[in-house]
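Structure file upload-v1.cif (mmCIF, C-alpha atoms) follows.
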data_data
#
loop_
_atom_site.group_PDB
_atom_site.id
_atom_site.type_symbol
_atom_site.label_atom_id
_atom_site.label_comp_id
_atom_site.auth_asym_id
_atom_site.auth_seq_id
_atom_site.Cartn_x
_atom_site.Cartn_y
_atom_site.Cartn_z
ATOM 1 C CA MET F 1 0.000 0.000 0.000
ATOM 2 C CA LYS F 2 1.436 3.322 -1.058
ATOM 3 C CA LYS F 3 0.662 6.867 -0.026
ATOM 4 C CA ILE F 4 1.563 9.530 -2.598
ATOM 5 C CA LEU F 5 2.572 13.051 -1.515
ATOM 6 C CA LEU F 6 2.157 15.421 -4.447
ATOM 7 C CA MET F 7 4.082 18.675 -3.935
ATOM 8 C CA ALA F 8 1.566 21.018 -5.530
ATOM 9 C CA VAL F 9 -0.862 23.701 -4.494
ATOM 10 C CA ALA F 10 -3.123 23.349 -7.505
ATOM 11 C CA ALA F 11 -3.117 20.504 -10.013
ATOM 12 C CA ILE F 12 -5.405 18.483 -12.264
ATOM 13 C CA MET F 13 -5.198 14.782 -11.504
ATOM 14 C CA THR F 14 -6.053 12.015 -13.982
ATOM 15 C CA ILE F 15 -6.620 8.492 -12.681
ATOM 16 C CA SER F 16 -7.249 5.695 -15.138
ATOM 17 C CA ALA F 17 -9.745 3.764 -12.993
ATOM 18 C CA SER F 18 -12.310 4.365 -10.275
ATOM 19 C CA ALA F 19 -11.197 4.701 -6.659
ATOM 20 C CA GLN F 20 -12.166 1.090 -5.938
ATOM 21 C CA GLU F 21 -10.334 -0.380 -8.927
ATOM 22 C CA THR F 22 -6.643 -0.859 -9.694
ATOM 23 C CA VAL F 23 -4.983 2.475 -10.422
ATOM 24 C CA LYS F 24 -2.739 2.418 -13.486
ATOM 25 C CA LYS F 25 -1.363 5.933 -13.660
ATOM 26 C CA VAL F 26 -1.270 9.175 -11.697
ATOM 27 C CA ARG F 27 -0.589 12.471 -13.434
ATOM 28 C CA VAL F 28 -0.109 16.011 -12.123
ATOM 29 C CA TYR F 29 -0.460 18.902 -14.548
ATOM 30 C CA GLU F 30 0.927 22.428 -14.497
ATOM 31 C CA GLY F 31 -1.275 24.195 -17.012
ATOM 32 C CA ASN F 32 -1.413 21.871 -20.011
ATOM 33 C CA LYS F 33 1.934 20.208 -19.281
ATOM 34 C CA ILE F 34 2.524 17.036 -17.306
ATOM 35 C CA ALA F 35 4.620 17.927 -14.287
ATOM 36 C CA TYR F 36 4.613 14.464 -12.708
ATOM 37 C CA GLU F 37 3.575 11.002 -13.885
ATOM 38 C CA GLN F 38 3.930 7.620 -12.253
ATOM 39 C CA ASN F 39 2.405 4.148 -12.577
ATOM 40 C CA TYR F 40 0.993 2.484 -9.466
ATOM 41 C CA THR F 41 -0.757 -0.806 -8.833
ATOM 42 C CA GLN F 42 -2.684 0.423 -5.810
ATOM 43 C CA VAL F 43 -3.318 3.848 -4.281
ATOM 44 C CA ASP F 44 -5.474 4.394 -1.223
ATOM 45 C CA SER F 45 -5.049 8.150 -0.758
ATOM 46 C CA ILE F 46 -3.573 11.251 -2.362
ATOM 47 C CA VAL F 47 -2.560 14.213 -0.202
ATOM 48 C CA PHE F 48 -1.783 17.716 -1.514
ATOM 49 C CA VAL F 49 0.742 19.655 0.570
ATOM 50 C CA ASN F 50 2.594 22.932 0.269
ATOM 51 C CA GLU F 51 6.351 22.593 -0.103
ATOM 52 C CA GLU F 52 7.844 24.674 2.691
ATOM 53 C CA THR F 53 11.198 26.385 2.635
ATOM 54 C CA PRO F 54 13.459 24.960 5.396
ATOM 55 C CA THR F 55 13.639 27.227 8.410
ATOM 56 C CA GLU F 56 16.995 29.004 8.742
ATOM 57 C CA LEU F 57 18.827 28.419 11.998
ATOM 58 C CA GLU F 58 18.456 31.464 14.239
ATOM 59 C CA GLY F 59 21.464 33.772 14.219
ATOM 60 C CA THR F 60 22.606 32.737 10.739
ATOM 61 C CA LEU F 61 23.714 35.182 8.052
ATOM 62 C CA SER F 62 22.353 34.495 4.576
ATOM 63 C CA GLY F 63 25.639 34.259 2.644
ATOM 64 C CA LYS F 64 26.967 30.806 1.748
ATOM 65 C CA PHE F 65 30.690 30.091 1.494
ATOM 66 C CA SER F 66 32.202 26.993 -0.080
ATOM 67 C CA VAL F 67 34.811 25.040 1.895
ATOM 68 C CA PRO F 68 37.270 22.330 0.740
ATOM 69 C CA VAL F 69 35.108 19.424 1.939
ATOM 70 C CA GLY F 70 31.382 19.239 2.572
ATOM 71 C CA GLU F 71 28.466 21.578 2.145
ATOM 72 C CA PRO F 72 28.879 25.376 2.064
ATOM 73 C CA ILE F 73 28.916 27.079 5.450
ATOM 74 C CA GLN F 74 27.159 30.166 6.796
ATOM 75 C CA PHE F 75 28.505 32.546 9.420
ATOM 76 C CA SER F 76 26.883 33.561 12.672
ATOM 77 C CA GLN F 77 25.409 37.047 12.973
ATOM 78 C CA GLY F 78 28.281 38.289 15.133
ATOM 79 C CA ASN F 79 31.216 37.342 17.337
ATOM 80 C CA LEU F 80 30.656 34.891 20.169
ATOM 81 C CA GLN F 81 29.956 36.314 23.638
ATOM 82 C CA TYR F 82 29.604 34.725 27.074
ATOM 83 C CA GLN F 83 28.132 35.778 30.424
ATOM 84 C CA PRO F 84 29.826 33.753 33.181
ATOM 85 C CA VAL F 85 27.430 34.288 36.083
ATOM 86 C CA THR F 86 24.462 32.912 34.094
ATOM 87 C CA ASN F 87 26.458 30.495 31.899
ATOM 88 C CA THR F 88 24.839 32.066 28.844
ATOM 89 C CA TRP F 89 26.246 32.116 25.322
ATOM 90 C CA ARG F 90 25.069 34.481 22.621
ATOM 91 C CA PHE F 91 26.122 36.075 19.361
ATOM 92 C CA ALA F 92 26.762 39.809 19.235
ATOM 93 C CA GLU F 93 23.685 41.655 18.003
ATOM 94 C CA HIS F 94 25.603 43.225 15.134
ATOM 95 C CA GLN F 95 28.633 42.068 13.173
ATOM 96 C CA TYR F 96 30.528 45.196 14.186
ATOM 97 C CA ASP F 97 29.885 44.825 17.940
ATOM 98 C CA ILE F 98 32.950 44.223 20.127
ATOM 99 C CA ILE F 99 33.362 44.310 23.913
ATOM 100 C CA GLY F 100 37.003 45.357 24.123
ATOM 101 C CA SER F 101 39.289 45.461 27.124
ATOM 102 C CA ALA F 102 36.780 47.019 29.530
ATOM 103 C CA GLY F 103 34.747 43.819 29.877
ATOM 104 C CA ASN F 104 37.255 41.106 29.059
ATOM 105 C CA SER F 105 39.707 42.148 31.767
ATOM 106 C CA TYR F 106 37.080 41.124 34.376
ATOM 107 C CA ILE F 107 37.029 37.507 33.206
ATOM 108 C CA SER F 108 36.012 35.193 36.079
ATOM 109 C CA SER F 109 33.347 32.587 36.817
ATOM 110 C CA ASP F 110 31.205 35.066 38.782
ATOM 111 C CA TYR F 111 31.470 38.037 36.403
ATOM 112 C CA ASN F 112 27.981 39.314 35.501
ATOM 113 C CA GLY F 113 29.037 41.154 32.348
ATOM 114 C CA TRP F 114 29.912 39.753 28.927
ATOM 115 C CA ILE F 115 33.248 38.634 27.486
ATOM 116 C CA ASP F 116 34.263 37.916 23.874
ATOM 117 C CA LEU F 117 37.939 36.935 24.121
ATOM 118 C CA PHE F 118 38.628 33.250 24.833
ATOM 119 C CA GLY F 119 41.565 30.935 25.281
ATOM 120 C CA TRP F 120 41.891 28.338 22.528
ATOM 121 C CA GLY F 121 39.395 25.474 22.686
ATOM 122 C CA THR F 122 37.721 26.632 25.901
ATOM 123 C CA GLY F 123 34.182 25.742 24.890
ATOM 124 C CA ASP F 124 33.875 23.732 28.106
ATOM 125 C CA ASN F 125 35.649 26.300 30.300
ATOM 126 C CA PRO F 126 35.248 29.784 28.782
ATOM 127 C CA THR F 127 36.594 31.703 31.779
ATOM 128 C CA LEU F 128 39.885 29.798 31.870
ATOM 129 C CA HIS F 129 42.587 32.460 31.915
ATOM 130 C CA THR F 130 45.717 30.824 33.260
ATOM 131 C CA LYS F 131 49.017 31.443 31.503
ATOM 132 C CA GLU F 132 49.981 27.761 31.293
ATOM 133 C CA ALA F 133 49.686 26.140 27.846
ATOM 134 C CA SER F 134 49.210 22.707 29.435
ATOM 135 C CA ASP F 135 45.790 23.845 30.693
ATOM 136 C CA TYR F 136 44.521 24.312 27.124
ATOM 137 C CA THR F 137 45.756 21.213 25.295
ATOM 138 C CA ILE F 138 42.352 19.471 25.106
ATOM 139 C CA TYR F 139 40.311 21.353 22.515
ATOM 140 C CA THR F 140 36.566 21.768 22.995
ATOM 141 C CA ASP F 141 34.801 23.732 20.297
ATOM 142 C CA TRP F 142 32.640 26.614 21.513
ATOM 143 C CA GLY F 143 29.863 25.477 19.178
ATOM 144 C CA VAL F 144 29.045 22.469 21.362
ATOM 145 C CA ASN F 145 27.182 24.868 23.634
ATOM 146 C CA PRO F 146 23.612 26.076 23.152
ATOM 147 C CA ILE F 147 23.785 29.646 21.817
ATOM 148 C CA SER F 148 20.809 31.581 23.204
ATOM 149 C CA ASN F 149 20.187 33.514 19.976
ATOM 150 C CA GLY F 150 21.628 30.816 17.727
ATOM 151 C CA GLY F 151 19.010 28.094 18.007
ATOM 152 C CA ASN F 152 19.683 27.461 21.721
ATOM 153 C CA THR F 153 20.524 23.828 20.963
ATOM 154 C CA PRO F 154 23.903 22.149 21.542
ATOM 155 C CA ASN F 155 26.194 21.195 18.655
ATOM 156 C CA GLN F 156 24.659 23.477 16.037
ATOM 157 C CA TRP F 157 27.785 25.568 15.400
ATOM 158 C CA ARG F 158 31.515 25.111 14.998
ATOM 159 C CA THR F 159 34.809 26.924 14.404
ATOM 160 C CA LEU F 160 36.449 26.947 10.973
ATOM 161 C CA THR F 161 39.756 25.113 10.543
ATOM 162 C CA TYR F 162 42.926 26.672 9.195
ATOM 163 C CA ASP F 163 42.427 24.920 5.838
ATOM 164 C CA GLU F 164 38.842 26.147 5.574
ATOM 165 C CA TRP F 165 39.846 29.746 6.229
ATOM 166 C CA ARG F 166 42.598 29.481 3.620
ATOM 167 C CA TYR F 167 40.143 28.132 1.078
ATOM 168 C CA ILE F 168 37.555 30.856 1.697
ATOM 169 C CA LEU F 169 40.114 33.648 1.540
ATOM 170 C CA SER F 170 42.441 32.350 -1.157
ATOM 171 C CA ALA F 171 41.348 29.228 -3.036
ATOM 172 C CA ARG F 172 37.630 29.370 -3.839
ATOM 173 C CA PRO F 173 36.624 30.727 -7.259
ATOM 174 C CA ASN F 174 37.091 34.528 -7.455
ATOM 175 C CA ALA F 175 38.444 34.585 -3.901
ATOM 176 C CA SER F 176 40.538 37.708 -4.515
ATOM 177 C CA LYS F 177 37.462 39.645 -5.637
ATOM 178 C CA LEU F 178 35.382 38.630 -2.643
ATOM 179 C CA LYS F 179 37.372 40.203 0.185
ATOM 180 C CA SER F 180 38.789 43.529 1.344
ATOM 181 C CA ASN F 181 39.466 45.622 4.393
ATOM 182 C CA GLY F 182 36.715 48.042 5.341
ATOM 183 C CA LYS F 183 34.962 49.951 8.071
ATOM 184 C CA VAL F 184 31.406 49.525 9.360
ATOM 185 C CA ASN F 185 29.813 51.984 11.764
ATOM 186 C CA ASN F 186 33.321 53.412 12.339
ATOM 187 C CA VAL F 187 34.672 49.994 13.340
ATOM 188 C CA TYR F 188 37.709 48.743 11.388
ATOM 189 C CA GLY F 189 37.674 45.204 10.079
ATOM 190 C CA TYR F 190 37.673 42.818 7.164
ATOM 191 C CA ILE F 191 34.841 42.075 4.741
ATOM 192 C CA ILE F 192 34.273 38.676 3.118
ATOM 193 C CA LEU F 193 31.624 38.130 0.456
ATOM 194 C CA PRO F 194 29.716 34.896 -0.315
ATOM 195 C CA ASP F 195 30.215 32.746 -3.393
ATOM 196 C CA ASP F 196 27.146 34.080 -5.215
ATOM 197 C CA TRP F 197 27.701 37.728 -4.318
ATOM 198 C CA VAL F 198 25.495 40.363 -5.936
ATOM 199 C CA LEU F 199 26.199 43.976 -4.945
ATOM 200 C CA PRO F 200 23.096 45.805 -3.661
ATOM 201 C CA ASP F 201 21.910 48.730 -5.761
ATOM 202 C CA GLY F 202 23.382 52.090 -4.839
ATOM 203 C CA LEU F 203 26.433 50.697 -3.020
ATOM 204 C CA GLU F 204 30.070 50.133 -3.921
ATOM 205 C CA PHE F 205 32.567 47.469 -2.966
ATOM 206 C CA VAL F 206 36.231 47.592 -3.972
ATOM 207 C CA SER F 207 38.148 44.341 -3.488
ATOM 208 C CA GLY F 208 41.803 44.293 -2.540
ATOM 209 C CA VAL F 209 44.013 45.890 0.108
ATOM 210 C CA TYR F 210 43.882 49.631 0.630
ATOM 211 C CA LYS F 211 45.765 52.042 2.823
ATOM 212 C CA ASN F 212 43.925 54.191 5.321
ATOM 213 C CA PHE F 213 40.671 52.304 4.651
ATOM 214 C CA ASP F 214 39.902 54.649 1.767
ATOM 215 C CA TYR F 215 37.165 52.359 0.437
ATOM 216 C CA ASN F 216 34.345 50.192 1.733
ATOM 217 C CA ASN F 217 33.222 52.472 4.526
ATOM 218 C CA TYR F 218 29.596 51.815 5.437
ATOM 219 C CA ASN F 219 27.142 53.348 7.873
ATOM 220 C CA THR F 220 24.600 51.122 9.607
ATOM 221 C CA ILE F 221 21.928 51.613 6.931
ATOM 222 C CA GLN F 222 24.331 50.786 4.110
ATOM 223 C CA TRP F 223 25.731 47.805 5.967
ATOM 224 C CA ALA F 224 22.247 46.411 6.573
ATOM 225 C CA LYS F 225 21.906 46.137 2.792
ATOM 226 C CA MET F 226 25.326 44.530 2.445
ATOM 227 C CA GLU F 227 24.534 42.052 5.219
ATOM 228 C CA ALA F 228 21.166 41.170 3.671
ATOM 229 C CA ALA F 229 23.073 40.299 0.489
ATOM 230 C CA GLY F 230 25.304 37.922 2.474
ATOM 231 C CA ALA F 231 28.362 40.016 3.390
ATOM 232 C CA VAL F 232 30.389 39.043 6.469
ATOM 233 C CA PHE F 233 32.315 41.545 8.596
ATOM 234 C CA LEU F 234 35.076 40.543 11.004
ATOM 235 C CA PRO F 235 35.594 43.469 13.375
ATOM 236 C CA GLN F 236 39.134 44.192 14.506
ATOM 237 C CA THR F 237 38.932 43.976 18.279
ATOM 238 C CA ALA F 238 42.326 45.709 18.666
ATOM 239 C CA VAL F 239 43.130 43.835 21.897
ATOM 240 C CA VAL F 240 44.422 40.445 23.003
ATOM 241 C CA ARG F 241 43.850 39.111 26.523
ATOM 242 C CA TYR F 242 46.742 37.635 28.526
ATOM 243 C CA GLY F 243 45.480 36.374 31.859
ATOM 244 C CA THR F 244 43.245 39.211 33.028
ATOM 245 C CA SER F 245 45.259 41.881 31.217
ATOM 246 C CA CYS F 246 44.121 43.172 27.844
ATOM 247 C CA SER F 247 46.854 44.608 25.638
ATOM 248 C CA THR F 248 46.147 46.957 22.768
ATOM 249 C CA TYR F 249 47.871 46.225 19.480
ATOM 250 C CA GLN F 250 50.419 48.796 18.392
ATOM 251 C CA THR F 251 48.276 50.090 15.524
ATOM 252 C CA ASN F 252 45.069 49.834 17.591
ATOM 253 C CA ILE F 253 43.236 48.186 14.679
ATOM 254 C CA ASN F 254 44.791 44.713 14.485
ATOM 255 C CA CYS F 255 43.170 41.473 15.496
ATOM 256 C CA HIS F 256 43.404 37.663 15.575
ATOM 257 C CA TYR F 257 40.558 35.132 15.362
ATOM 258 C CA TRP F 258 40.922 31.533 16.526
ATOM 259 C CA THR F 259 40.765 28.589 14.143
ATOM 260 C CA ALA F 260 40.110 25.014 15.284
ATOM 261 C CA THR F 261 43.559 23.857 14.177
ATOM 262 C CA PRO F 262 46.486 23.321 16.585
ATOM 263 C CA TYR F 263 50.034 24.190 15.563
ATOM 264 C CA SER F 264 52.062 22.827 18.470
ATOM 265 C CA GLU F 265 51.647 22.006 22.148
ATOM 266 C CA GLU F 266 51.696 25.717 22.953
ATOM 267 C CA GLU F 267 50.273 27.390 19.840
ATOM 268 C CA ALA F 268 47.310 27.192 17.484
ATOM 269 C CA TRP F 269 46.561 28.705 14.099
ATOM 270 C CA ALA F 270 44.722 32.015 14.040
ATOM 271 C CA LEU F 271 43.362 34.331 11.399
ATOM 272 C CA TYR F 272 45.346 37.574 11.490
ATOM 273 C CA ILE F 273 43.758 40.851 10.419
ATOM 274 C CA TYR F 274 46.294 43.638 10.405
ATOM 275 C CA TYR F 275 46.945 47.114 9.120
ATOM 276 C CA ASN F 276 50.024 49.187 8.524
ATOM 277 C CA SER F 277 50.670 52.416 6.697
ATOM 278 C CA TYR F 278 52.816 50.692 4.052
ATOM 279 C CA SER F 279 50.692 47.783 2.880
ATOM 280 C CA GLY F 280 47.259 48.802 4.127
ATOM 281 C CA GLY F 281 44.852 46.341 5.711
ATOM 282 C CA THR F 282 44.848 42.647 4.930
ATOM 283 C CA CYS F 283 43.961 39.251 6.334
ATOM 284 C CA THR F 284 46.453 36.412 6.670
ATOM 285 C CA TYR F 285 47.392 33.640 9.140
ATOM 286 C CA GLY F 286 49.703 33.164 12.069
ATOM 287 C CA THR F 287 50.112 31.203 15.281
ATOM 288 C CA MET F 288 49.254 32.386 18.761
ATOM 289 C CA LYS F 289 49.852 31.033 22.247
ATOM 290 C CA ILE F 290 46.819 28.938 23.156
ATOM 291 C CA TYR F 291 46.411 30.761 26.473
ATOM 292 C CA TYR F 292 45.851 34.121 24.755
ATOM 293 C CA GLY F 293 42.273 35.396 24.693
ATOM 294 C CA LEU F 294 41.073 35.967 21.124
ATOM 295 C CA PRO F 295 37.679 36.492 19.470
ATOM 296 C CA VAL F 296 35.713 33.607 17.958
ATOM 297 C CA ARG F 297 33.349 33.581 14.953
ATOM 298 C CA LEU F 298 31.265 30.447 14.543
ATOM 299 C CA VAL F 299 29.720 28.873 11.443
ATOM 300 C CA HIS F 300 27.343 26.052 10.639
#

Translate the structure described by the file into structure tokens.
Amino acid sequence: MKKILLMAVAAIMTISASAQETVKKVRVYEGNKIAYEQNYTQVDSIVFVNEETPTELEGTLSGKFSVPVGEPIQFSQGNLQYQPVTNTWRFAEHQYDIIGSAGNSYISSDYNGWIDLFGWGTGDNPTLHTKEASDYTIYTDWGVNPISNGGNTPNQWRTLTYDEWRYILSARPNASKLKSNGKVNNVYGYIILPDDWVLPDGLEFVSGVYKNFDYNNYNTIQWAKMEAAGAVFLPQTAVVRYGTSCSTYQTNINCHYWTATPYSEEEAWALYIYYNSYSGGTCTYGTMKIYYGLPVRLVH
């Protein structure tokens, strides 16, 4: 006995026998054309249903980015944040939101504010801030946790590997044309565009590396259009945490982001966004001590 689900809102159905006799053929028409046809020996019911678009996971940006292996990924709506006293994880409300040294220097299990700089692989112990590499050798991805505005279900998100970051920034088709330094709401950072990028009407995007951030400066209204089209912004947090001390980078607009890939017993690979007056702003890779506190951007 078979039950046929016909994905159509309106259709004309032709059955070659009465409901109590053997059914030979089922057809679904779109206008005068056959959209679906199948032979069956017995049919006891036909149900018409609307085909629904899968619900997007909360906190997900629309842009899709190909990676070396597997399905394309999508970025979270902002950097990862954590409130120790309530054990609550969330994504920043906006892509350009950063907490900075003021909050992260108070890192402790009973701190009632928010932090966004984490030691490497501290998904199971986000307030760990010792200066001993041996305390960080077992990696736990931050995405194993329920993110309150990211579906609030465990194991929905993850951190990109070193190889995945390299592919997105350098190896996917047209990679060089889908990235550049920029500034959003007066926050310096780096912009990455999805595979199927289409520039919104009335806006400009100039790919490449530019001194003094002369291009790709967006206010919140302009950025909302860029974000709706799939653009990702990695804000330059300008600080790195060491224990409970937050040090400002020399240029004040540099930043690292953790990857999921270890380098040695004391270091792991990180994305490095930097700026200098000679080469402008760019995004590359480097290693950092695993006990340093760096920002995290999750994907799924």

Check: Using the chain letters and numbers from the file, which residues does the PyMOL selection byres ((chain F and resi 162-170) around 9) grab, as a list in words?
Finding: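 Matching residues under the PyMOL selection byres ((chain F and resi 162-170) around 9) are Phe65, Ser66, Val67, Pro68, Val69, Leu160, Thr161, Ala171, Arg172, Pro173, Asn174, Ala175, Ser176, Leu178, Lys179, Ile192, Thr259, Ala260, Thr261, Pro262, Trp269, Ala270, Leu271, Cys283, Thr284 and Tyr285 of chain F.
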
I'd like the box whose edges run along x, y and z of the file and which contains every listed atom of segment 123-137 of chain F, padded by 6 Å per side; could you state its centre and edge lengths in Å, one decimal, as JSON?
{"center_x": 41.9, "center_y": 26.8, "center_z": 29.1, "size_x": 28.1, "size_y": 23.2, "size_z": 20.4}

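Counting all atoms listed in the file and comparing F:Thr237, F:Thr159, F:Ser245, F:Ser264, the residue that lies closest to Gly189 of chain F is F:Thr237.
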
Next item on the list: Decode the PyMOL selection byres ((chain F and resi 76) around 12) for the given file into explicit residues and return them as a VMD selection string.
Entry: chain F and resid 56 to 64 73 to 75 77 to 81 90 to 95 143 147 149 to 151 156 to 160 227 230 to 234 296 to 300

Next item on the list: For Tyr139 of chain F, please output as a PyMOL selection string all residues within 8 Å (counting all atoms listed in the file; exclusion window: fewer than 5 positions along the same chain).
Entry: chain F and resi 120-123

Any chance you can output those residues with C-alpha atoms as a PDB file, in the frame of the given file?
ATOM      1  CA  TRP F 120      41.891  28.338  22.528  1.00  0.00           C
ATOM      2  CA  GLY F 121      39.395  25.474  22.686  1.00  0.00           C
ATOM      3  CA  THR F 122      37.721  26.632  25.901  1.00  0.00           C
ATOM      4  CA  GLY F 123      34.182  25.742  24.890  1.00  0.00           C
TER       5      GLY F 123
END

Checklist line | Selection result for the PyMOL selection byres ((chain F and resi 246) around 12) on this file, as a PyMOL selection string | finding: chain F and resi 99-107+115-118+129+237-245+247-249+292-294

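Within 10 Å of the point (40.4, 46.0, -4.8) in file coordinates, and counting all atoms listed in the file, lie the residues Ser176, Lys177, Leu178, Lys179, Ser180, Asn181, Phe205, Val206, Ser207, Gly208, Val209, Tyr210, Tyr215 and Asn216 of chain F.
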
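For the pair atom CA of Asp196 of chain F and atom CA of Ala228 of chain F, the separation is 12.8 Å.
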